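Text of structure.csv (CSV, C-alpha atoms) as supplied:
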chain,number,residue,atom,x,y,z
A,1,MET,CA,0.0,0.0,0.0
A,2,THR,CA,1.3,3.4,-0.9
A,3,GLU,CA,1.1,6.3,1.6
A,4,ALA,CA,-1.6,8.2,-0.3
A,5,LYS,CA,-3.9,5.2,-0.3
A,6,ASN,CA,-3.3,4.0,3.2
A,7,TYR,CA,-6.2,4.9,5.5
A,8,MET,CA,-3.7,5.1,8.4
A,9,TYR,CA,-2.6,8.6,7.2
A,10,ARG,CA,-6.1,10.0,6.5
A,11,PRO,CA,-7.6,12.5,9.0
A,12,TRP,CA,-11.3,12.0,8.4
A,13,TRP,CA,-11.9,8.9,10.6
A,14,LYS,CA,-9.8,10.4,13.4
A,15,ILE,CA,-12.1,13.5,13.4
A,16,THR,CA,-15.1,11.2,13.3
A,17,GLY,CA,-13.9,9.4,16.3
A,18,VAL,CA,-13.2,12.5,18.3
A,19,LEU,CA,-16.6,13.9,17.4
A,20,LEU,CA,-18.3,10.7,18.4
A,21,LEU,CA,-16.5,10.6,21.8
A,22,ILE,CA,-17.5,14.3,22.5
A,23,TYR,CA,-21.1,13.3,21.7
A,24,THR,CA,-20.7,10.2,24.0
A,25,PHE,CA,-19.5,12.3,26.9
A,26,ILE,CA,-22.1,15.0,26.5
A,27,ALA,CA,-25.1,12.9,25.7
A,28,GLY,CA,-24.0,10.0,27.9
A,29,LEU,CA,-23.9,12.2,31.0
A,30,LEU,CA,-26.9,14.4,30.2
A,31,LEU,CA,-29.6,12.3,28.4
A,32,LYS,CA,-32.3,10.7,30.4
A,33,VAL,CA,-31.7,7.0,31.4
A,34,PRO,CA,-34.3,4.5,32.8
A,35,ALA,CA,-34.1,4.3,36.5
A,36,LEU,CA,-33.6,0.6,37.1
A,37,PRO,CA,-33.4,-1.0,40.6
A,38,ALA,CA,-29.9,-1.3,41.9
A,39,LEU,CA,-28.4,0.3,38.8
A,40,GLN,CA,-30.0,3.9,38.8
A,41,GLU,CA,-27.6,6.4,37.4
A,42,THR,CA,-24.6,4.1,37.3
A,43,ILE,CA,-26.1,2.7,34.1
A,44,ARG,CA,-24.3,5.5,32.3
A,45,ASN,CA,-21.2,3.5,32.8
A,46,LEU,CA,-22.5,1.3,30.0
A,47,TYR,CA,-21.2,3.9,27.5
A,48,PHE,CA,-17.7,3.5,28.9
A,49,HIS,CA,-17.3,0.0,30.5
A,50,VAL,CA,-19.0,-2.1,27.7
A,51,CYS,CA,-17.4,0.0,25.0
A,52,MET,CA,-13.9,-0.8,26.4
A,53,TRP,CA,-14.5,-4.5,26.0
A,54,PHE,CA,-16.0,-4.1,22.5
A,55,ALA,CA,-12.9,-2.0,21.5
A,56,MET,CA,-10.6,-4.6,23.0
A,57,MET,CA,-12.2,-7.5,21.1
A,58,ILE,CA,-12.2,-5.5,17.9
A,59,LEU,CA,-8.5,-4.6,18.3
A,60,PHE,CA,-7.6,-8.3,19.2
A,61,THR,CA,-9.5,-9.4,16.1
A,62,VAL,CA,-7.5,-6.9,13.9
A,63,SER,CA,-4.3,-8.2,15.5
A,64,VAL,CA,-5.1,-11.8,14.6
A,65,VAL,CA,-6.1,-10.8,11.1
A,66,ASN,CA,-2.7,-9.2,10.7
A,67,ALA,CA,-1.0,-12.3,12.1
A,68,ILE,CA,-2.7,-14.3,9.3
A,69,ARG,CA,-1.6,-11.8,6.7
A,70,TYR,CA,1.9,-12.0,8.0
A,71,LEU,CA,2.0,-15.8,7.6
A,72,ARG,CA,0.6,-15.5,4.1
A,73,ASN,CA,2.9,-12.8,2.8
A,74,LEU,CA,5.9,-13.0,5.3
A,75,ASP,CA,6.0,-9.2,5.2
A,76,ILE,CA,7.4,-7.9,8.5
A,77,LYS,CA,5.0,-4.9,8.3
A,78,TYR,CA,2.0,-7.0,9.2
A,79,ASP,CA,3.8,-8.4,12.3
A,80,ILE,CA,4.3,-4.8,13.5
A,81,TYR,CA,0.6,-4.2,13.0
A,82,ALA,CA,-0.3,-7.4,14.9
A,83,ARG,CA,1.9,-6.5,17.8
A,84,GLN,CA,0.7,-3.0,18.2
A,85,PHE,CA,-3.0,-3.8,17.9
A,86,ALA,CA,-2.5,-6.5,20.7
A,87,ILE,CA,-0.8,-4.0,23.0
A,88,VAL,CA,-3.5,-1.3,22.6
A,89,GLY,CA,-6.1,-4.1,23.0
A,90,ILE,CA,-4.5,-4.9,26.4
A,91,VAL,CA,-4.7,-1.2,27.4
A,92,PHE,CA,-8.4,-1.2,26.6
A,93,GLY,CA,-8.9,-4.4,28.5
A,94,ILE,CA,-7.3,-2.9,31.6
A,95,LEU,CA,-9.5,0.2,31.3
A,96,GLY,CA,-12.5,-2.2,31.0
A,97,TYR,CA,-11.5,-3.8,34.2
A,98,ILE,CA,-11.1,-0.5,36.0
A,99,THR,CA,-14.5,0.9,34.8
A,100,GLY,CA,-16.0,-2.5,35.7
A,101,ALA,CA,-14.5,-2.4,39.2
A,102,ILE,CA,-15.9,1.0,39.8
A,103,TRP,CA,-19.3,-0.1,38.6
A,104,ALA,CA,-19.3,-3.3,40.6
A,105,SER,CA,-18.4,-1.4,43.8
A,106,TYR,CA,-21.7,0.4,43.5
A,107,THR,CA,-23.9,-2.4,42.3
A,108,TRP,CA,-22.6,-5.8,43.3
A,109,ALA,CA,-20.7,-5.0,46.5
A,110,ASP,CA,-22.6,-5.4,49.8
A,111,PRO,CA,-23.3,-1.8,50.9
A,112,ASN,CA,-23.3,-2.8,54.6
A,113,LYS,CA,-19.7,-4.0,54.5
A,114,PRO,CA,-16.4,-2.4,53.3
A,115,VAL,CA,-15.9,-2.8,49.5
A,116,TYR,CA,-12.9,-5.1,49.8
A,117,ASN,CA,-15.0,-7.6,51.9
A,118,SER,CA,-17.1,-8.3,48.8
A,119,PHE,CA,-14.0,-8.8,46.6
A,120,SER,CA,-13.8,-12.6,46.9
A,121,SER,CA,-17.4,-13.2,45.8
A,122,ILE,CA,-17.1,-10.7,42.9
A,123,ALA,CA,-13.7,-11.8,41.6
A,124,ARG,CA,-14.9,-15.4,41.2
A,125,ASP,CA,-17.4,-14.4,38.6
A,126,PRO,CA,-16.9,-16.4,35.3
A,127,LYS,CA,-17.0,-13.3,33.1
A,128,LEU,CA,-14.2,-11.7,35.2
A,129,ILE,CA,-12.1,-14.9,34.9
A,130,GLY,CA,-12.7,-14.9,31.2
A,131,ALA,CA,-11.6,-11.4,30.8
A,132,ALA,CA,-8.5,-12.0,33.0
A,133,ILE,CA,-7.7,-15.0,30.8
A,134,ALA,CA,-8.0,-12.9,27.6
A,135,LEU,CA,-5.5,-10.4,29.0
A,136,LEU,CA,-3.1,-13.1,30.3
A,137,VAL,CA,-3.1,-14.7,26.8
A,138,TYR,CA,-2.0,-11.5,25.2
A,139,PHE,CA,0.6,-10.9,28.0
A,140,ALA,CA,1.9,-14.4,27.2
A,141,TYR,CA,2.0,-13.4,23.5
A,142,LEU,CA,4.2,-10.4,24.4
A,143,ILE,CA,6.5,-12.5,26.6
A,144,LEU,CA,6.9,-15.0,23.8
A,145,ARG,CA,7.7,-12.3,21.3
A,146,ASP,CA,10.4,-10.8,23.5
A,147,SER,CA,12.0,-14.1,24.3
A,148,ILE,CA,13.1,-14.7,20.7
A,149,GLN,CA,16.0,-12.9,19.2
A,150,ASP,CA,15.8,-13.5,15.5
A,151,ILE,CA,13.3,-11.0,13.9
A,152,ASP,CA,11.8,-13.3,11.3
A,153,LYS,CA,11.5,-16.3,13.6
A,154,LYS,CA,10.0,-14.0,16.3
A,155,ALA,CA,7.4,-12.8,13.8
A,156,ARG,CA,6.5,-16.3,12.6
A,157,ILE,CA,6.3,-18.0,16.0
A,158,SER,CA,4.4,-15.2,17.6
A,159,SER,CA,1.9,-15.1,14.7
A,160,VAL,CA,1.3,-18.8,15.1
A,161,TYR,CA,0.7,-18.3,18.8
A,162,ASN,CA,-1.5,-15.3,18.2
A,163,ILE,CA,-3.8,-17.3,15.8
A,164,PHE,CA,-3.9,-20.4,18.1
A,165,ALA,CA,-4.6,-18.4,21.2
A,166,TYR,CA,-7.3,-16.3,19.6
A,167,THR,CA,-9.2,-19.3,18.2
A,168,MET,CA,-8.9,-21.2,21.5
A,169,LEU,CA,-9.8,-18.1,23.6
A,170,PHE,CA,-12.8,-16.6,21.9
A,171,PRO,CA,-15.1,-19.6,21.9
A,172,ALA,CA,-14.1,-20.0,25.6
A,173,ILE,CA,-14.9,-16.5,26.6
A,174,TRP,CA,-18.1,-16.3,24.6
A,175,ILE,CA,-19.5,-19.7,25.5
A,176,LEU,CA,-18.1,-20.4,29.0
A,177,PRO,CA,-19.9,-17.5,30.8
A,178,ARG,CA,-23.2,-18.7,29.3
A,179,ILE,CA,-22.7,-22.1,30.8
A,180,LEU,CA,-21.5,-21.1,34.3
A,181,PRO,CA,-23.7,-19.1,36.7
A,182,SER,CA,-22.8,-15.4,36.8
A,183,LEU,CA,-23.8,-12.2,38.4
A,184,HIS,CA,-22.9,-10.3,35.3
A,185,PRO,CA,-25.7,-9.3,33.0
A,186,GLY,CA,-26.0,-10.8,29.5
A,187,ASN,CA,-26.2,-14.5,30.2
A,188,GLU,CA,-29.0,-15.0,27.7
A,189,GLY,CA,-28.2,-14.0,24.1
A,190,ASN,CA,-25.7,-11.3,23.2
A,191,PRO,CA,-24.7,-8.9,26.0
A,192,ALA,CA,-25.7,-5.3,25.0
A,193,LEU,CA,-26.6,-6.3,21.5
A,194,ASP,CA,-30.1,-7.8,22.2
A,195,VAL,CA,-32.2,-5.1,20.5
A,196,LYS,CA,-35.6,-6.2,22.0
A,197,ASN,CA,-35.1,-6.2,25.8
A,198,ASP,CA,-31.6,-5.2,26.8
A,199,ILE,CA,-31.3,-1.5,26.7
A,200,SER,CA,-33.8,1.2,25.9
A,201,GLY,CA,-33.8,2.9,22.5
A,202,ASN,CA,-32.7,6.2,24.1
A,203,MET,CA,-29.6,4.5,25.4
A,204,ARG,CA,-28.8,2.7,22.2
A,205,MET,CA,-28.6,6.1,20.4
A,206,VAL,CA,-25.6,6.9,22.6
A,207,PHE,CA,-24.2,3.4,23.0
A,208,TYR,CA,-23.6,2.5,19.4
A,209,PRO,CA,-21.8,5.8,18.5
A,210,ALA,CA,-19.8,5.3,21.7
A,211,VAL,CA,-18.6,1.9,20.6
A,212,ILE,CA,-17.5,3.2,17.3
A,213,GLY,CA,-15.9,6.3,18.9
A,214,TRP,CA,-13.9,4.3,21.4
A,215,THR,CA,-12.8,1.8,18.7
A,216,LEU,CA,-11.7,4.6,16.4
A,217,LEU,CA,-9.7,6.2,19.3
A,218,GLY,CA,-8.1,2.8,19.9
A,219,VAL,CA,-7.2,2.4,16.2
A,220,TRP,CA,-5.8,6.0,16.1
A,221,ILE,CA,-3.5,5.3,19.1
A,222,THR,CA,-2.4,2.0,17.4
A,223,THR,CA,-1.6,3.7,14.1
A,224,LEU,CA,0.6,6.3,15.9
A,225,LYS,CA,2.5,3.4,17.5
A,226,ILE,CA,2.7,1.6,14.2
A,227,ARG,CA,4.0,4.6,12.4
A,228,ILE,CA,6.8,5.0,15.0
A,229,SER,CA,7.7,1.3,14.7
A,230,LEU,CA,7.7,1.6,10.9
A,231,LEU,CA,10.1,4.6,11.1
A,232,ILE,CA,12.4,2.7,13.4
A,233,GLU,CA,12.3,-0.3,11.1
A,234,LYS,CA,13.2,2.0,8.1
A,235,LYS,CA,16.1,3.6,10.0
A,236,LEU,CA,17.5,0.1,10.9
A,237,THR,CA,17.3,-1.3,7.4
A,238,SER,CA,18.6,1.8,5.5
B,239,MET,CA,-7.1,-40.2,58.4
B,240,ASP,CA,-10.1,-38.7,56.6
B,241,SER,CA,-10.3,-38.6,52.9
B,242,PRO,CA,-11.0,-35.1,51.4
B,243,GLU,CA,-14.4,-33.8,50.5
B,244,SER,CA,-15.6,-34.6,46.9
B,245,LYS,CA,-15.2,-31.0,45.7
B,246,VAL,CA,-11.7,-30.8,47.0
B,247,TRP,CA,-10.9,-34.3,45.6
B,248,ASN,CA,-12.2,-33.1,42.2
B,249,GLY,CA,-10.2,-29.8,42.2
B,250,LEU,CA,-7.1,-31.5,43.3
B,251,PHE,CA,-7.4,-34.2,40.7
B,252,TRP,CA,-7.6,-31.8,37.8
B,253,VAL,CA,-4.8,-29.6,39.0
B,254,ILE,CA,-2.6,-32.7,39.3
B,255,GLN,CA,-3.7,-33.7,35.8
B,256,LEU,CA,-2.6,-30.3,34.5
B,257,PHE,CA,0.9,-30.6,36.0
B,258,VAL,CA,1.2,-34.3,34.9
B,259,CYS,CA,0.4,-33.1,31.4
B,260,ILE,CA,2.9,-30.2,31.3
B,261,ASN,CA,5.7,-32.5,32.5
B,262,ALA,CA,4.8,-35.5,30.3
B,263,VAL,CA,4.2,-33.6,27.1
B,264,ALA,CA,6.9,-31.0,27.4
B,265,LYS,CA,9.5,-33.8,27.0
B,266,SER,CA,8.2,-34.7,23.6
B,267,PHE,CA,9.4,-31.6,21.8
B,268,LEU,CA,11.9,-30.1,24.2
B,269,GLN,CA,14.1,-33.3,24.3
B,270,GLU,CA,14.4,-33.7,20.6
B,271,SER,CA,18.0,-33.1,19.5
B,272,ARG,CA,18.8,-30.9,16.5
B,273,GLY,CA,20.1,-33.8,14.6
B,274,ARG,CA,17.0,-35.9,15.1
B,275,MET,CA,14.7,-33.0,14.0
B,276,LEU,CA,16.8,-32.8,10.8
B,277,TYR,CA,16.3,-36.5,10.3
B,278,TYR,CA,12.5,-36.1,10.7
B,279,TYR,CA,12.6,-33.2,8.3
B,280,SER,CA,14.1,-35.4,5.6
B,281,ILE,CA,11.7,-38.3,5.9
B,282,THR,CA,8.3,-36.8,6.6
B,283,SER,CA,5.9,-33.8,6.0
B,284,PRO,CA,5.1,-31.4,8.8
B,285,SER,CA,1.4,-32.4,9.0
B,286,ASN,CA,2.3,-36.1,9.4
B,287,PHE,CA,4.9,-35.2,11.9
B,288,VAL,CA,2.5,-33.1,14.1
B,289,LEU,CA,-0.3,-35.7,13.8
B,290,ALA,CA,2.1,-38.4,15.0
B,291,LYS,CA,3.2,-36.3,17.9
B,292,LEU,CA,-0.4,-35.5,18.8
B,293,LEU,CA,-1.3,-39.2,18.7
B,294,PHE,CA,1.6,-40.3,20.8
B,295,ASN,CA,1.0,-37.6,23.4
B,296,SER,CA,-2.7,-38.4,23.5
B,297,ILE,CA,-2.0,-42.1,24.2
B,298,LEU,CA,0.7,-41.2,26.8
B,299,MET,CA,-1.7,-38.8,28.5
B,300,LEU,CA,-4.6,-41.3,28.5
B,301,ILE,CA,-2.4,-43.8,30.3
B,302,MET,CA,-1.1,-41.2,32.7
B,303,SER,CA,-4.7,-40.1,33.5
B,304,LEU,CA,-5.8,-43.6,34.3
B,305,LEU,CA,-2.7,-44.1,36.4
B,306,SER,CA,-3.3,-40.9,38.4
B,307,LEU,CA,-7.0,-41.8,38.8
B,308,LEU,CA,-6.0,-45.2,40.2
B,309,LEU,CA,-3.5,-43.6,42.6
B,310,PHE,CA,-6.1,-41.0,43.7
B,311,THR,CA,-8.6,-43.7,44.6
B,312,LEU,CA,-5.9,-45.7,46.4
B,313,PHE,CA,-4.6,-42.9,48.5
B,314,LEU,CA,-7.5,-40.4,48.8
B,315,GLY,CA,-10.5,-42.7,48.9
B,316,ASN,CA,-13.2,-43.0,46.3
B,317,PRO,CA,-16.0,-40.5,46.5
B,318,LEU,CA,-17.2,-41.3,43.0
B,319,GLU,CA,-20.9,-42.0,42.5
B,320,LYS,CA,-20.7,-42.6,38.7
B,321,ALA,CA,-17.3,-44.1,38.2
B,322,ALA,CA,-17.8,-45.0,34.5
B,323,GLN,CA,-18.9,-41.4,33.5
B,324,PHE,CA,-16.0,-39.9,35.5
B,325,ILE,CA,-13.5,-42.2,33.8
B,326,GLY,CA,-14.9,-41.0,30.5
B,327,LEU,CA,-14.5,-37.4,31.5
B,328,VAL,CA,-11.0,-38.1,32.7
B,329,LEU,CA,-10.0,-39.6,29.4
B,330,LEU,CA,-11.6,-36.7,27.5
B,331,GLY,CA,-9.9,-34.2,29.8
B,332,GLY,CA,-6.6,-35.9,29.4
B,333,TRP,CA,-7.0,-35.9,25.7
B,334,SER,CA,-7.8,-32.1,25.6
B,335,LEU,CA,-4.9,-31.3,27.8
B,336,SER,CA,-2.4,-33.3,25.8
B,337,LEU,CA,-3.5,-31.9,22.4
B,338,ILE,CA,-3.2,-28.3,23.6
B,339,PHE,CA,0.1,-28.8,25.4
B,340,THR,CA,1.6,-30.7,22.5
B,341,PHE,CA,1.1,-27.7,20.2
B,342,LEU,CA,2.3,-25.3,22.8
B,343,ALA,CA,5.4,-27.5,23.3
B,344,ALA,CA,6.1,-27.2,19.6
B,345,ILE,CA,6.0,-23.4,19.9
B,346,ALA,CA,8.1,-23.4,23.0
B,347,ALA,CA,10.7,-25.7,21.5
B,348,LYS,CA,11.0,-23.4,18.4
B,349,ALA,CA,11.5,-20.4,20.8
B,350,GLN,CA,14.4,-22.4,22.3
B,351,GLN,CA,13.0,-22.0,25.7
B,352,ASN,CA,12.6,-24.3,28.7
B,353,ALA,CA,9.3,-25.7,29.9
B,354,ALA,CA,8.6,-22.5,31.9
B,355,ILE,CA,7.5,-20.6,28.8
B,356,MET,CA,5.2,-23.5,27.9
B,357,ALA,CA,3.4,-23.0,31.2
B,358,VAL,CA,3.2,-19.3,30.7
B,359,LEU,CA,1.7,-19.8,27.2
B,360,GLY,CA,-0.5,-22.6,28.2
B,361,PHE,CA,-2.2,-21.7,31.5
B,362,PRO,CA,-4.5,-18.9,30.2
B,363,ILE,CA,-5.5,-21.1,27.3
B,364,ILE,CA,-6.3,-24.2,29.4
B,365,ILE,CA,-8.1,-22.5,32.2
B,366,PRO,CA,-11.5,-22.3,30.4
B,367,GLN,CA,-11.4,-26.0,29.5
B,368,LEU,CA,-10.3,-27.0,33.1
B,369,LEU,CA,-13.3,-24.9,34.4
B,370,LEU,CA,-15.6,-26.8,32.1
B,371,LEU,CA,-14.2,-30.2,33.0
B,372,MET,CA,-14.4,-29.4,36.7
B,373,LYS,CA,-18.0,-28.3,36.4
B,374,LEU,CA,-18.8,-31.4,34.4
B,375,SER,CA,-17.1,-33.9,36.7
B,376,ASN,CA,-18.7,-32.4,39.8
B,377,ALA,CA,-21.9,-34.1,38.5
B,378,ALA,CA,-20.1,-37.4,38.8
B,379,PHE,CA,-20.0,-37.0,42.6
B,380,ALA,CA,-23.7,-36.4,43.1
B,381,PRO,CA,-26.2,-39.0,42.3
B,382,LEU,CA,-28.9,-36.5,41.2
B,383,LEU,CA,-26.9,-34.3,38.8
B,384,THR,CA,-26.5,-35.3,35.2
B,385,ILE,CA,-23.6,-34.5,32.9
B,386,SER,CA,-24.6,-32.1,30.2
B,387,ALA,CA,-24.1,-33.6,26.8
B,388,THR,CA,-23.7,-30.3,25.0
B,389,THR,CA,-20.8,-29.3,27.2
B,390,VAL,CA,-19.1,-32.6,26.4
B,391,LEU,CA,-19.7,-32.0,22.7
B,392,LEU,CA,-18.3,-28.5,23.1
B,393,LEU,CA,-15.1,-30.0,24.6
B,394,ILE,CA,-14.9,-32.5,21.7
B,395,ALA,CA,-15.4,-29.7,19.2
B,396,LEU,CA,-12.6,-27.7,20.8
B,397,ASP,CA,-10.3,-30.8,20.6
B,398,ILE,CA,-11.0,-31.2,16.9
B,399,MET,CA,-10.3,-27.5,16.4
B,400,VAL,CA,-6.9,-27.9,18.1
B,401,ILE,CA,-6.0,-30.8,15.8
B,402,LEU,CA,-7.1,-28.7,12.7
B,403,LEU,CA,-5.1,-25.7,13.9
B,404,ALA,CA,-2.1,-27.8,14.6
B,405,VAL,CA,-2.1,-29.3,11.1
B,406,ILE,CA,-2.6,-25.8,9.6
B,407,LEU,CA,-0.1,-23.9,11.7
B,408,PHE,CA,2.6,-26.4,12.3
B,409,PRO,CA,4.2,-26.1,8.8
B,410,PHE,CA,5.1,-22.4,9.7
B,411,LEU,CA,6.9,-23.6,12.8
B,412,TRP,CA,8.6,-26.5,11.0
B,413,LYS,CA,10.7,-24.7,8.3
B,414,ASP,CA,13.7,-22.9,9.6

Could I get this structure in the form of C-alpha cells?
Amino acid sequence: MTEAKNYMYRPWWKITGVLLLIYTFIAGLLLKVPALPALQETIRNLYFHVCMWFAMMILFTVSVVNAIRYLRNLDIKYDIYARQFAIVGIVFGILGYITGAIWASYTWADPNKPVYNSFSSIARDPKLIGAAIALLVYFAYLILRDSIQDIDKKARISSVYNIFAYTMLFPAIWILPRILPSLHPGNEGNPALDVKNDISGNMRMVFYPAVIGWTLLGVWITTLKIRISLLIEKKLTS
Amino acid sequence: MDSPESKVWNGLFWVIQLFVCINAVAKSFLQESRGRMLYYYSITSPSNFVLAKLLFNSILMLIMSLLSLLLFTLFLGNPLEKAAQFIGLVLLGGWSLSLIFTFLAAIAAKAQQNAAIMAVLGFPIIIPQLLLLMKLSNAAFAPLLTISATTVLLLIALDIMVILLAVILFPFLWKD
C-alpha cells in the first residue's frame, strides 16, 4: 500500500472518532436514562465500560487478522501491526477492568460492608475470569515475542501463537460465561446487542456511537504506534 | 485419616492432571535433539509429523490419566458416584490437555525455551477447559446431577479444532 492510499494517514476517521466521543460524553452524561433498581444512574457507565470490551475485542481481532496476513505474505510490516494492535487491546482491557470495578463497587458490593470484603465473591465471577484469561493470553504473547532474538523467527512463531490463542480463547470467553452461573448481565443471548429487551432505545442512540468512537480512538492510538515502529524499522534497514 | 471432600478431591485431581500433562508432554518436543529433527525433516511432512506427535502424546496422557485416577482412589479414597462417567471425562480431559500442550510445546521448542515458557503460554488457554471439566465432573460425585451432553460435545469440538489448527499452523513452525 502506498502512503496516499493507506487509511492510516487520513484524518477523516480520526475527526469522526473524536466527534463521536465528544457526543458520547455530553449525551451520555446528560440524556435521560431509565431508573432501574440497583443500577440507577450508574447505568451511564455502559457507555464506557462495555465499549472498552468491544474495542478490546475488535483490536484483538484486527491483531489476529494481521498475524494471518503475516503468515501469508511474510512481510514484517504485518507483524508490527499485529503486535501494536495487541498492545493497545490490552490497554483497553485494563481500562475495561477499572471501569467495571468502579461499577461493581456500586452495584454488586454489599453496601453494609467495606468494599474489599465483597471482593472474593465478585472476583470469582466467570466473566471476570474470562476477561482475565484474555489479558493473560496476550501478555503471554508479548512475553513469547520478547523471548526470541531473530526477527523473522519472532514474527513467525508469535503469529502462530496469536492465531492459536485467539481461536482457543474466543469460543471459551463467549461460550463459557453462558454455561456457568454469573452475576454479570448478559447471560442470555448477546450482551448489550439484544435489541428487544436489553437497553432502551434512548440508550442505544448513545451506546452504538460510543462503541464506534472508542474503537476509532483505539485504532488511532495504534496507528501512531505503528508509524513510530515503521520509522524505526526503516532507519534500521537503510 | 479422613479422605477429602468430593469437591476438593475433584479440584485436586484436575490440578494434578494439569501438571502431569505439562511435565509429560513437554518432554516430547523439548528433548528432541537438533540432529533428530533434521532427520524427521528429511523423511516426513510437517502435518504427518505433528499428527504423529499428537497421537503419541494423547495415548501417553490417557495412560497417565488412568494411572493418576488409580493412585487417587488408592490414596485419597473413592467418593465417585458414577465411576464410568467420571473415567470417560478423565479420558476426555486428558486428551484435551495433551493436544493443547503438544502444540504449545512445539511453539516453546521453536522459541528455544525451557518448559517455563510453555506453562506461561498454556495456563491462560487451558483454564476455560479446566473450568468446564471441573463443572462437568462435579456431577459425577452427586447421584442427582446429570452430565450435560452439550458441554461434552463442546469440549470434543474444541479438541477437533486444536487438531485442525495444529495441522494448519505447524508447517510455519517447521521450516527454519

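Using all atoms listed in the file, we find that the part of chain A lying within 6 Å of chain B comprises Ile133, Leu136, Val137, Ala140, Ile148 and Ala172 of chain A.
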
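Note that the spacing between CA of Glu233 in chain A and CA of Lys77 in chain A amounts to 9.1 Å.
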
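Separating CA of Val65 in chain A from CA of Leu216 in chain A is a distance of 17.2 Å.
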
Subject >> Selection near Leu250 in chain B, 12 Å with all atoms listed in the file, sequence-local residues under 6 positions removed, as a ChimeraX atom specification >> reply: /B:242-244,256-257,306-307,310,314,368,372

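Note that the spacing between CA of Ile401 in chain B and CA of Ala155 in chain A amounts to 22.5 Å.
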
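Minimum atom-to-atom distance to Asn202 in chain A, evaluated using all atoms listed in the file, belongs to A:Gly28 out of A:Gly100, A:Gly28, A:Pro11, A:Gly17.
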
**OP:** Show me as a PyMOL selection string the residues that reach within 12 Å of (5.6, -13.3, 14.7), counting all atoms listed in the file and using the file's own coordinates.
**Re:** (chain A and resi 63-64+66-72+74-84+141-163) or (chain B and resi 345+349+410-411)

**OP:** Tell me, as a list in words, which residues lie within 7 Å of Phe324 in chain B, counting all atoms listed in the file; anything in the same chain fewer than 4 positions away does not count.
**Re:** Lys320, Val328, Ser375 and Ala378 of chain B
